[in-house]
>>> print(open('start19.tsv').read())   # TSV, N, CA and C atoms
chain	number	residue	atom	x	y	z
A	1	MET	N	-53.92	3.62	9.92
A	1	MET	CA	-53.10	2.71	10.66
A	1	MET	C	-52.49	3.46	11.84
A	2	LYS	N	-52.59	2.84	13.01
A	2	LYS	CA	-52.07	3.48	14.21
A	2	LYS	C	-50.58	3.17	14.36
A	3	ARG	N	-49.88	4.15	14.85
A	3	ARG	CA	-48.46	3.95	15.15
A	3	ARG	C	-48.31	3.34	16.52
A	4	LYS	N	-47.22	2.64	16.68
A	4	LYS	CA	-46.90	2.10	18.00
A	4	LYS	C	-46.48	3.25	18.90
A	5	ALA	N	-46.78	3.11	20.17
A	5	ALA	CA	-46.32	4.10	21.13
A	5	ALA	C	-44.81	3.97	21.26
A	6	PRO	N	-44.11	5.09	21.38
A	6	PRO	CA	-42.65	4.99	21.50
A	6	PRO	C	-42.26	4.28	22.80
A	7	LEU	N	-41.17	3.55	22.73
A	7	LEU	CA	-40.68	2.85	23.90
A	7	LEU	C	-40.17	3.84	24.93
A	8	SER	N	-40.30	3.45	26.19
A	8	SER	CA	-39.71	4.28	27.25
A	8	SER	C	-38.19	4.21	27.10
A	9	PRO	N	-37.47	5.17	27.64
A	9	PRO	CA	-36.00	5.13	27.52
A	9	PRO	C	-35.40	3.85	28.09
A	10	TYR	N	-35.99	3.34	29.17
A	10	TYR	CA	-35.48	2.11	29.77
A	10	TYR	C	-35.69	0.93	28.82
A	11	GLU	N	-36.87	0.83	28.22
A	11	GLU	CA	-37.16	-0.26	27.28
A	11	GLU	C	-36.27	-0.16	26.04
A	12	ALA	N	-36.03	1.06	25.57
A	12	ALA	CA	-35.17	1.25	24.40
A	12	ALA	C	-33.74	0.82	24.71
A	13	GLN	N	-33.26	1.15	25.92
A	13	GLN	CA	-31.90	0.76	26.32
A	13	GLN	C	-31.82	-0.76	26.45
A	14	LYS	N	-32.86	-1.38	26.98
A	14	LYS	CA	-32.89	-2.83	27.14
A	14	LYS	C	-32.87	-3.54	25.78
A	15	ALA	N	-33.65	-3.01	24.83
A	15	ALA	CA	-33.68	-3.60	23.49
A	15	ALA	C	-32.34	-3.42	22.78
A	16	ALA	N	-31.71	-2.27	22.98
A	16	ALA	CA	-30.40	-2.02	22.36
A	16	ALA	C	-29.34	-2.96	22.95
A	17	ALA	N	-29.40	-3.20	24.26
A	17	ALA	CA	-28.45	-4.11	24.91
A	17	ALA	C	-28.64	-5.53	24.40
A	18	LYS	N	-29.89	-5.92	24.18
A	18	LYS	CA	-30.19	-7.25	23.66
A	18	LYS	C	-29.63	-7.42	22.25
A	19	ARG	N	-29.85	-6.43	21.39
A	19	ARG	CA	-29.32	-6.49	20.02
A	19	ARG	C	-27.80	-6.52	20.02
A	20	ALA	N	-27.18	-5.70	20.88
A	20	ALA	CA	-25.72	-5.64	20.94
A	20	ALA	C	-25.14	-6.98	21.40
A	21	ALA	N	-25.78	-7.61	22.38
A	21	ALA	CA	-25.29	-8.89	22.88
A	21	ALA	C	-25.42	-9.97	21.81
A	22	LEU	N	-26.57	-10.00	21.13
A	22	LEU	CA	-26.76	-11.00	20.07
A	22	LEU	C	-25.76	-10.79	18.93
A	23	ASN	N	-25.51	-9.54	18.57
A	23	ASN	CA	-24.53	-9.26	17.51
A	23	ASN	C	-23.13	-9.69	17.93
A	24	ALA	N	-22.76	-9.42	19.19
A	24	ALA	CA	-21.43	-9.80	19.67
A	24	ALA	C	-21.26	-11.32	19.68
A	25	LEU	N	-22.31	-12.03	20.08
A	25	LEU	CA	-22.26	-13.49	20.09
A	25	LEU	C	-22.12	-14.04	18.67
A	26	LYS	N	-22.90	-13.50	17.73
A	26	LYS	CA	-22.81	-13.94	16.34
A	26	LYS	C	-21.44	-13.62	15.75
A	27	ARG	N	-20.92	-12.43	16.07
A	27	ARG	CA	-19.62	-12.01	15.55
A	27	ARG	C	-18.51	-12.93	16.05
A	28	ALA	N	-18.57	-13.31	17.33
A	28	ALA	CA	-17.53	-14.19	17.90
A	28	ALA	C	-17.56	-15.55	17.21
A	29	ARG	N	-18.75	-16.11	17.02
A	29	ARG	CA	-18.85	-17.42	16.37
A	29	ARG	C	-18.41	-17.34	14.90
A	30	ARG	N	-18.83	-16.29	14.21
A	30	ARG	CA	-18.49	-16.12	12.79
A	30	ARG	C	-16.98	-15.93	12.61
A	31	THR	N	-16.37	-15.15	13.50
A	31	THR	CA	-14.92	-14.92	13.43
A	31	THR	C	-14.17	-16.23	13.65
A	32	ALA	N	-14.62	-17.03	14.61
A	32	ALA	CA	-13.96	-18.32	14.87
A	32	ALA	C	-14.11	-19.25	13.66
A	33	ASP	N	-15.28	-19.25	13.05
A	33	ASP	CA	-15.49	-20.11	11.89
A	33	ASP	C	-14.62	-19.68	10.70
A	34	LYS	N	-14.55	-18.36	10.46
A	34	LYS	CA	-13.74	-17.85	9.34
A	34	LYS	C	-12.27	-18.14	9.53
A	35	ALA	N	-11.79	-17.97	10.76
A	35	ALA	CA	-10.37	-18.16	11.03
A	35	ALA	C	-10.00	-19.63	11.17
A	36	GLY	N	-11.00	-20.50	11.26
A	36	GLY	CA	-10.72	-21.92	11.40
A	36	GLY	C	-10.26	-22.29	12.80
A	37	VAL	N	-10.58	-21.45	13.77
A	37	VAL	CA	-10.19	-21.71	15.16
A	37	VAL	C	-11.18	-22.69	15.76
A	38	GLU	N	-10.66	-23.74	16.38
A	38	GLU	CA	-11.51	-24.72	17.03
A	38	GLU	C	-11.88	-24.21	18.41
A	39	LEU	N	-13.17	-23.98	18.62
A	39	LEU	CA	-13.64	-23.62	19.95
A	39	LEU	C	-13.85	-24.91	20.73
A	40	SER	N	-13.57	-24.86	22.02
A	40	SER	CA	-13.78	-26.05	22.84
A	40	SER	C	-15.28	-26.33	22.93
A	41	ASP	N	-15.62	-27.52	23.38
A	41	ASP	CA	-17.03	-27.87	23.55
A	41	ASP	C	-17.72	-26.89	24.48
A	42	TRP	N	-17.02	-26.53	25.56
A	42	TRP	CA	-17.59	-25.61	26.53
A	42	TRP	C	-17.86	-24.26	25.90
A	43	GLU	N	-16.93	-23.75	25.12
A	43	GLU	CA	-17.10	-22.43	24.49
A	43	GLU	C	-18.26	-22.44	23.49
A	44	GLY	N	-18.37	-23.50	22.71
A	44	GLY	CA	-19.47	-23.61	21.76
A	44	GLY	C	-20.81	-23.68	22.47
A	45	GLU	N	-20.86	-24.46	23.54
A	45	GLU	CA	-22.09	-24.58	24.32
A	45	GLU	C	-22.43	-23.25	24.99
A	46	PHE	N	-21.41	-22.55	25.48
A	46	PHE	CA	-21.62	-21.24	26.12
A	46	PHE	C	-22.26	-20.27	25.13
A	47	LEU	N	-21.69	-20.17	23.92
A	47	LEU	CA	-22.23	-19.25	22.92
A	47	LEU	C	-23.67	-19.62	22.56
A	48	GLY	N	-23.94	-20.90	22.41
A	48	GLY	CA	-25.29	-21.34	22.05
A	48	GLY	C	-26.31	-21.08	23.15
A	49	SER	N	-25.95	-21.44	24.38
A	49	SER	CA	-26.92	-21.28	25.48
A	49	SER	C	-27.17	-19.82	25.80
A	50	VAL	N	-26.13	-19.01	25.77
A	50	VAL	CA	-26.31	-17.58	26.05
A	50	VAL	C	-27.17	-16.94	24.96
A	51	THR	N	-26.95	-17.32	23.71
A	51	THR	CA	-27.76	-16.79	22.61
A	51	THR	C	-29.23	-17.14	22.80
A	52	GLU	N	-29.50	-18.39	23.16
A	52	GLU	CA	-30.89	-18.81	23.36
A	52	GLU	C	-31.54	-18.05	24.51
A	53	ARG	N	-30.80	-17.89	25.63
A	53	ARG	CA	-31.38	-17.18	26.78
A	53	ARG	C	-31.63	-15.72	26.47
A	54	VAL	N	-30.74	-15.08	25.72
A	54	VAL	CA	-30.94	-13.67	25.36
A	54	VAL	C	-32.15	-13.54	24.44
A	55	LYS	N	-32.29	-14.46	23.47
A	55	LYS	CA	-33.45	-14.40	22.57
A	55	LYS	C	-34.75	-14.63	23.34
A	56	THR	N	-34.75	-15.59	24.26
A	56	THR	CA	-35.96	-15.94	24.97
A	56	THR	C	-36.34	-14.93	26.05
A	57	PHE	N	-35.38	-14.58	26.89
A	57	PHE	CA	-35.68	-13.77	28.07
A	57	PHE	C	-35.21	-12.32	27.98
A	58	GLY	N	-34.40	-12.00	26.97
A	58	GLY	CA	-33.89	-10.64	26.86
A	58	GLY	C	-32.60	-10.43	27.62
A	59	ARG	N	-32.21	-11.39	28.42
A	59	ARG	CA	-30.93	-11.35	29.13
A	59	ARG	C	-30.52	-12.77	29.47
A	60	ALA	N	-29.25	-12.96	29.76
A	60	ALA	CA	-28.73	-14.31	29.92
A	60	ALA	C	-28.42	-14.68	31.36
A	61	PHE	N	-28.89	-13.89	32.31
A	61	PHE	CA	-28.63	-14.22	33.70
A	61	PHE	C	-29.90	-13.98	34.51
A	62	GLY	N	-30.08	-14.77	35.55
A	62	GLY	CA	-31.29	-14.68	36.34
A	62	GLY	C	-31.16	-13.80	37.55
A	63	ASP	N	-29.99	-13.80	38.18
A	63	ASP	CA	-29.78	-13.04	39.40
A	63	ASP	C	-29.49	-11.59	39.06
A	64	PRO	N	-30.35	-10.65	39.48
A	64	PRO	CA	-30.13	-9.24	39.13
A	64	PRO	C	-28.85	-8.65	39.72
A	65	GLU	N	-28.27	-9.30	40.73
A	65	GLU	CA	-27.04	-8.77	41.32
A	65	GLU	C	-25.81	-9.09	40.47
A	66	LYS	N	-25.95	-9.96	39.47
A	66	LYS	CA	-24.80	-10.36	38.66
A	66	LYS	C	-24.56	-9.44	37.47
A	67	GLY	N	-25.47	-8.55	37.19
A	67	GLY	CA	-25.29	-7.65	36.06
A	67	GLY	C	-26.04	-6.36	36.27
A	68	ALA	N	-25.73	-5.39	35.46
A	68	ALA	CA	-26.37	-4.10	35.57
A	68	ALA	C	-27.80	-4.17	35.05
A	69	PRO	N	-28.70	-3.39	35.60
A	69	PRO	CA	-30.07	-3.39	35.08
A	69	PRO	C	-30.09	-2.91	33.63
A	70	GLY	N	-30.87	-3.58	32.81
A	70	GLY	CA	-30.97	-3.20	31.41
A	70	GLY	C	-29.88	-3.80	30.53
A	71	GLN	N	-28.98	-4.60	31.10
A	71	GLN	CA	-27.93	-5.23	30.31
A	71	GLN	C	-28.33	-6.67	30.01
A	72	ALA	N	-27.87	-7.18	28.89
A	72	ALA	CA	-28.23	-8.53	28.47
A	72	ALA	C	-27.27	-9.59	29.00
A	73	LEU	N	-26.03	-9.22	29.28
A	73	LEU	CA	-25.03	-10.17	29.76
A	73	LEU	C	-24.53	-9.74	31.13
A	74	SER	N	-24.23	-10.72	31.98
A	74	SER	CA	-23.63	-10.40	33.27
A	74	SER	C	-22.18	-10.00	33.04
A	75	ALA	N	-21.54	-9.52	34.08
A	75	ALA	CA	-20.15	-9.08	33.95
A	75	ALA	C	-19.24	-10.22	33.55
A	76	MET	N	-19.40	-11.39	34.17
A	76	MET	CA	-18.53	-12.53	33.85
A	76	MET	C	-18.82	-13.09	32.47
A	77	GLN	N	-20.09	-13.06	32.05
A	77	GLN	CA	-20.42	-13.52	30.70
A	77	GLN	C	-19.78	-12.61	29.66
A	78	ALA	N	-19.76	-11.31	29.93
A	78	ALA	CA	-19.13	-10.37	29.00
A	78	ALA	C	-17.63	-10.63	28.92
A	79	VAL	N	-17.00	-10.93	30.05
A	79	VAL	CA	-15.56	-11.23	30.07
A	79	VAL	C	-15.28	-12.50	29.26
A	80	LYS	N	-16.07	-13.55	29.48
A	80	LYS	CA	-15.86	-14.80	28.75
A	80	LYS	C	-16.08	-14.61	27.26
A	81	LEU	N	-17.07	-13.80	26.89
A	81	LEU	CA	-17.32	-13.52	25.48
A	81	LEU	C	-16.12	-12.79	24.86
A	82	GLN	N	-15.52	-11.85	25.60
A	82	GLN	CA	-14.33	-11.16	25.10
A	82	GLN	C	-13.17	-12.13	24.93
A	83	GLU	N	-13.01	-13.07	25.87
A	83	GLU	CA	-11.94	-14.05	25.76
A	83	GLU	C	-12.13	-14.95	24.55
A	84	ILE	N	-13.36	-15.37	24.29
A	84	ILE	CA	-13.64	-16.22	23.13
A	84	ILE	C	-13.39	-15.45	21.84
A	85	ALA	N	-13.81	-14.18	21.82
A	85	ALA	CA	-13.59	-13.35	20.63
A	85	ALA	C	-12.09	-13.14	20.39
A	86	ALA	N	-11.32	-12.95	21.45
A	86	ALA	CA	-9.87	-12.78	21.30
A	86	ALA	C	-9.23	-14.07	20.79
A	87	LYS	N	-9.70	-15.20	21.28
A	87	LYS	CA	-9.18	-16.49	20.81
A	87	LYS	C	-9.50	-16.67	19.34
A	88	ALA	N	-10.70	-16.28	18.93
A	88	ALA	CA	-11.10	-16.42	17.53
A	88	ALA	C	-10.27	-15.53	16.62
A	89	LYS	N	-9.87	-14.36	17.13
A	89	LYS	CA	-9.04	-13.45	16.33
A	89	LYS	C	-7.59	-13.88	16.31
A	90	GLY	N	-7.22	-14.77	17.21
A	90	GLY	CA	-5.84	-15.25	17.26
A	90	GLY	C	-4.94	-14.36	18.10
A	91	GLU	N	-5.55	-13.53	18.94
A	91	GLU	CA	-4.75	-12.65	19.80
A	91	GLU	C	-4.14	-13.47	20.93
A	92	LYS	N	-2.95	-13.07	21.30
A	92	LYS	CA	-2.29	-13.77	22.39
A	92	LYS	C	-2.82	-13.26	23.71
A	93	LYS	N	-2.63	-14.07	24.73
A	93	LYS	CA	-3.08	-13.68	26.07
A	93	LYS	C	-2.24	-12.52	26.56
A	94	GLY	N	-2.84	-11.73	27.42
A	94	GLY	CA	-2.16	-10.57	27.98
A	94	GLY	C	-1.00	-10.94	28.87
A	95	LEU	N	-0.48	-9.99	29.55
A	95	LEU	CA	0.65	-10.19	30.44
A	95	LEU	C	0.31	-11.18	31.54
A	96	GLN	N	1.20	-12.09	31.76
A	96	GLN	CA	1.04	-13.02	32.86
A	96	GLN	C	1.80	-12.47	34.05
A	97	ARG	N	1.16	-12.45	35.17
A	97	ARG	CA	1.81	-11.93	36.37
A	97	ARG	C	2.78	-12.96	36.93
A	98	LYS	N	3.85	-12.46	37.45
A	98	LYS	CA	4.84	-13.32	38.09
A	98	LYS	C	4.54	-13.34	39.58
A	99	PRO	N	4.75	-14.48	40.23
A	99	PRO	CA	4.47	-14.54	41.67
A	99	PRO	C	5.51	-13.72	42.44
A	100	PHE	N	5.11	-13.34	43.63
A	100	PHE	CA	6.03	-12.59	44.49
A	100	PHE	C	7.20	-13.49	44.88
A	101	LYS	N	8.35	-12.86	45.03
A	101	LYS	CA	9.53	-13.60	45.44
A	101	LYS	C	9.93	-13.12	46.83
A	102	ARG	N	10.58	-14.02	47.54
A	102	ARG	CA	11.10	-13.64	48.85
A	102	ARG	C	12.31	-12.76	48.68
A	103	LYS	N	12.43	-11.85	49.61
A	103	LYS	CA	13.64	-11.02	49.60
A	103	LYS	C	14.80	-11.88	50.10
A	104	SER	N	15.90	-11.73	49.44
A	104	SER	CA	17.05	-12.52	49.86
A	104	SER	C	17.60	-11.96	51.18
A	105	GLU	N	17.98	-12.87	52.03
A	105	GLU	CA	18.52	-12.46	53.32
A	105	GLU	C	20.04	-12.34	53.19
A	106	ASP	N	20.54	-11.14	53.21
A	106	ASP	CA	22.00	-10.93	53.10
A	106	ASP	C	22.60	-10.51	54.39
>>> encode(input="start19.tsv", output="structure tokens")
Amino acid sequence: MKRKAPLSPYEAQKAAAKRAALNALKRARRTADKAGVELSDWEGEFLGSVTERVKTFGRAFGDPEKGAPGQALSAMQAVKLQEIAAKAKGEKKGLQRKPFKRKSED
């Protein structure tokens, strides 16, 4: 029986990024289900569509300028996934910035 040729470092990194993205998506959905947190329709659809695109194409974005080469999620998709995971864990939102105020004229 012949062995498969080893993957190039780029292909190995791409496969690892795909597995990591799929695991993160599954973890976010599973955490939300366990905690009983209701995800909005948009969040549920986002998790489902991104999972399908990663499984089918190996990454969830079409424009190469939106993400790093060899990564499965774009920068904004990664941020949204982190926000959904934080919501599922029940973490509160970070610091809210206060708007600038005018200096009082004395």
>>> select_by_dssp(input="start19.tsv", residues="chain A", states="alpha helix (DSSP H)", output="VMD selection string")
chain A and resid 9 to 35 41 to 57 75 to 89
>>> closest_residue(input="start19.tsv", among="A:Leu25, A:Ala86, A:Leu81, A:Ala17", to="Thr51 (chain A)", atoms="all atoms listed in the file")
A:Leu25
>>> closest_residue(input="start19.tsv", among="A:Ala32, A:Arg102, A:Val50, A:Gly70", to="Lys87 (chain A)", atoms="only N, CA and C atoms")
A:Ala32
>>> atom_distance(input="start19.tsv", atom1="CA of Lys26 (chain A)", atom2="CA of Gly62 (chain A)")
21.7 Å
>>> atom_distance(input="start19.tsv", atom1="CA of Gly44 (chain A)", atom2="CA of Lys66 (chain A)")
22.1 Å
>>> closest_residue(input="start19.tsv", among="A:Ala35, A:Ala72, A:Glu45, A:Tyr10", to="Phe57 (chain A)", atoms="all atoms listed in the file")
A:Ala72
>>> atom_distance(input="start19.tsv", atom1="atom N of Phe46 (chain A)", atom2="atom C of Glu11 (chain A)")
26.9 Å
>>> closest_residue(input="start19.tsv", among="A:Ala12, A:Ala24, A:Ile84, A:Lys98", to="Ser40 (chain A)", atoms="only C-alpha atoms")
A:Ile84
>>> closest_residue(input="start19.tsv", among="A:Arg59, A:Arg97, A:Arg29, A:Lys34", to="Ala15 (chain A)", atoms="only C-alpha atoms")
A:Arg59
>>> closest_residue(input="start19.tsv", among="A:Ala20, A:Ala60, A:Leu47, A:Val54", to="Ala85 (chain A)", atoms="only C-alpha atoms")
A:Leu47
>>> build_atoms(input="start19.tsv", residues="region 64-86 of chain A", atoms="N, CA, C and O atoms", output="PDB file, keeping the file's coordinate frame")
ATOM      1  N   PRO A  64     -30.350 -10.650  39.480  1.00  0.00           N
ATOM      2  CA  PRO A  64     -30.130  -9.240  39.130  1.00  0.00           C
ATOM      3  C   PRO A  64     -28.850  -8.650  39.720  1.00  0.00           C
ATOM      4  O   PRO A  64     -28.376  -7.625  39.250  1.00  0.00           O
ATOM      5  N   GLU A  65     -28.270  -9.300  40.730  1.00  0.00           N
ATOM      6  CA  GLU A  65     -27.040  -8.770  41.320  1.00  0.00           C
ATOM      7  C   GLU A  65     -25.810  -9.090  40.470  1.00  0.00           C
ATOM      8  O   GLU A  65     -24.736  -8.552  40.709  1.00  0.00           O
ATOM      9  N   LYS A  66     -25.950  -9.960  39.470  1.00  0.00           N
ATOM     10  CA  LYS A  66     -24.800 -10.360  38.660  1.00  0.00           C
ATOM     11  C   LYS A  66     -24.560  -9.440  37.470  1.00  0.00           C
ATOM     12  O   LYS A  66     -23.552  -9.560  36.799  1.00  0.00           O
ATOM     13  N   GLY A  67     -25.470  -8.550  37.190  1.00  0.00           N
ATOM     14  CA  GLY A  67     -25.290  -7.650  36.060  1.00  0.00           C
ATOM     15  C   GLY A  67     -26.040  -6.360  36.270  1.00  0.00           C
ATOM     16  O   GLY A  67     -26.902  -6.247  37.144  1.00  0.00           O
ATOM     17  N   ALA A  68     -25.730  -5.390  35.460  1.00  0.00           N
ATOM     18  CA  ALA A  68     -26.370  -4.100  35.570  1.00  0.00           C
ATOM     19  C   ALA A  68     -27.800  -4.170  35.050  1.00  0.00           C
ATOM     20  O   ALA A  68     -28.085  -4.945  34.130  1.00  0.00           O
ATOM     21  N   PRO A  69     -28.700  -3.390  35.600  1.00  0.00           N
ATOM     22  CA  PRO A  69     -30.070  -3.390  35.080  1.00  0.00           C
ATOM     23  C   PRO A  69     -30.090  -2.910  33.630  1.00  0.00           C
ATOM     24  O   PRO A  69     -29.383  -1.986  33.260  1.00  0.00           O
ATOM     25  N   GLY A  70     -30.870  -3.580  32.810  1.00  0.00           N
ATOM     26  CA  GLY A  70     -30.970  -3.200  31.410  1.00  0.00           C
ATOM     27  C   GLY A  70     -29.880  -3.800  30.530  1.00  0.00           C
ATOM     28  O   GLY A  70     -29.868  -3.572  29.338  1.00  0.00           O
ATOM     29  N   GLN A  71     -28.980  -4.600  31.100  1.00  0.00           N
ATOM     30  CA  GLN A  71     -27.930  -5.230  30.310  1.00  0.00           C
ATOM     31  C   GLN A  71     -28.330  -6.670  30.010  1.00  0.00           C
ATOM     32  O   GLN A  71     -29.030  -7.302  30.784  1.00  0.00           O
ATOM     33  N   ALA A  72     -27.870  -7.180  28.890  1.00  0.00           N
ATOM     34  CA  ALA A  72     -28.230  -8.530  28.470  1.00  0.00           C
ATOM     35  C   ALA A  72     -27.270  -9.590  29.000  1.00  0.00           C
ATOM     36  O   ALA A  72     -27.648 -10.743  29.152  1.00  0.00           O
ATOM     37  N   LEU A  73     -26.030  -9.220  29.280  1.00  0.00           N
ATOM     38  CA  LEU A  73     -25.030 -10.170  29.760  1.00  0.00           C
ATOM     39  C   LEU A  73     -24.530  -9.740  31.130  1.00  0.00           C
ATOM     40  O   LEU A  73     -24.397  -8.547  31.403  1.00  0.00           O
ATOM     41  N   SER A  74     -24.230 -10.720  31.980  1.00  0.00           N
ATOM     42  CA  SER A  74     -23.630 -10.400  33.270  1.00  0.00           C
ATOM     43  C   SER A  74     -22.180 -10.000  33.040  1.00  0.00           C
ATOM     44  O   SER A  74     -21.634 -10.153  31.944  1.00  0.00           O
ATOM     45  N   ALA A  75     -21.540  -9.520  34.080  1.00  0.00           N
ATOM     46  CA  ALA A  75     -20.150  -9.080  33.950  1.00  0.00           C
ATOM     47  C   ALA A  75     -19.240 -10.220  33.550  1.00  0.00           C
ATOM     48  O   ALA A  75     -18.399 -10.083  32.653  1.00  0.00           O
ATOM     49  N   MET A  76     -19.400 -11.390  34.170  1.00  0.00           N
ATOM     50  CA  MET A  76     -18.530 -12.530  33.850  1.00  0.00           C
ATOM     51  C   MET A  76     -18.820 -13.090  32.470  1.00  0.00           C
ATOM     52  O   MET A  76     -17.914 -13.539  31.774  1.00  0.00           O
ATOM     53  N   GLN A  77     -20.090 -13.060  32.050  1.00  0.00           N
ATOM     54  CA  GLN A  77     -20.420 -13.520  30.700  1.00  0.00           C
ATOM     55  C   GLN A  77     -19.780 -12.610  29.660  1.00  0.00           C
ATOM     56  O   GLN A  77     -19.294 -13.083  28.636  1.00  0.00           O
ATOM     57  N   ALA A  78     -19.760 -11.310  29.930  1.00  0.00           N
ATOM     58  CA  ALA A  78     -19.130 -10.370  29.000  1.00  0.00           C
ATOM     59  C   ALA A  78     -17.630 -10.630  28.920  1.00  0.00           C
ATOM     60  O   ALA A  78     -17.041 -10.590  27.833  1.00  0.00           O
ATOM     61  N   VAL A  79     -17.000 -10.930  30.050  1.00  0.00           N
ATOM     62  CA  VAL A  79     -15.560 -11.230  30.070  1.00  0.00           C
ATOM     63  C   VAL A  79     -15.280 -12.500  29.260  1.00  0.00           C
ATOM     64  O   VAL A  79     -14.347 -12.529  28.452  1.00  0.00           O
ATOM     65  N   LYS A  80     -16.070 -13.550  29.480  1.00  0.00           N
ATOM     66  CA  LYS A  80     -15.860 -14.800  28.750  1.00  0.00           C
ATOM     67  C   LYS A  80     -16.080 -14.610  27.260  1.00  0.00           C
ATOM     68  O   LYS A  80     -15.362 -15.166  26.429  1.00  0.00           O
ATOM     69  N   LEU A  81     -17.070 -13.800  26.890  1.00  0.00           N
ATOM     70  CA  LEU A  81     -17.320 -13.520  25.480  1.00  0.00           C
ATOM     71  C   LEU A  81     -16.120 -12.790  24.860  1.00  0.00           C
ATOM     72  O   LEU A  81     -15.704 -13.099  23.751  1.00  0.00           O
ATOM     73  N   GLN A  82     -15.520 -11.850  25.600  1.00  0.00           N
ATOM     74  CA  GLN A  82     -14.330 -11.160  25.100  1.00  0.00           C
ATOM     75  C   GLN A  82     -13.170 -12.130  24.930  1.00  0.00           C
ATOM     76  O   GLN A  82     -12.413 -12.038  23.969  1.00  0.00           O
ATOM     77  N   GLU A  83     -13.010 -13.070  25.870  1.00  0.00           N
ATOM     78  CA  GLU A  83     -11.940 -14.050  25.760  1.00  0.00           C
ATOM     79  C   GLU A  83     -12.130 -14.950  24.550  1.00  0.00           C
ATOM     80  O   GLU A  83     -11.170 -15.265  23.837  1.00  0.00           O
ATOM     81  N   ILE A  84     -13.360 -15.370  24.290  1.00  0.00           N
ATOM     82  CA  ILE A  84     -13.640 -16.220  23.130  1.00  0.00           C
ATOM     83  C   ILE A  84     -13.390 -15.450  21.840  1.00  0.00           C
ATOM     84  O   ILE A  84     -12.813 -15.973  20.889  1.00  0.00           O
ATOM     85  N   ALA A  85     -13.810 -14.180  21.820  1.00  0.00           N
ATOM     86  CA  ALA A  85     -13.590 -13.350  20.630  1.00  0.00           C
ATOM     87  C   ALA A  85     -12.090 -13.140  20.390  1.00  0.00           C
ATOM     88  O   ALA A  85     -11.629 -13.189  19.239  1.00  0.00           O
ATOM     89  N   ALA A  86     -11.320 -12.950  21.450  1.00  0.00           N
ATOM     90  CA  ALA A  86      -9.870 -12.780  21.300  1.00  0.00           C
ATOM     91  C   ALA A  86      -9.230 -14.070  20.790  1.00  0.00           C
ATOM     92  O   ALA A  86      -8.329 -14.030  19.944  1.00  0.00           O
TER      93      ALA A  86
END
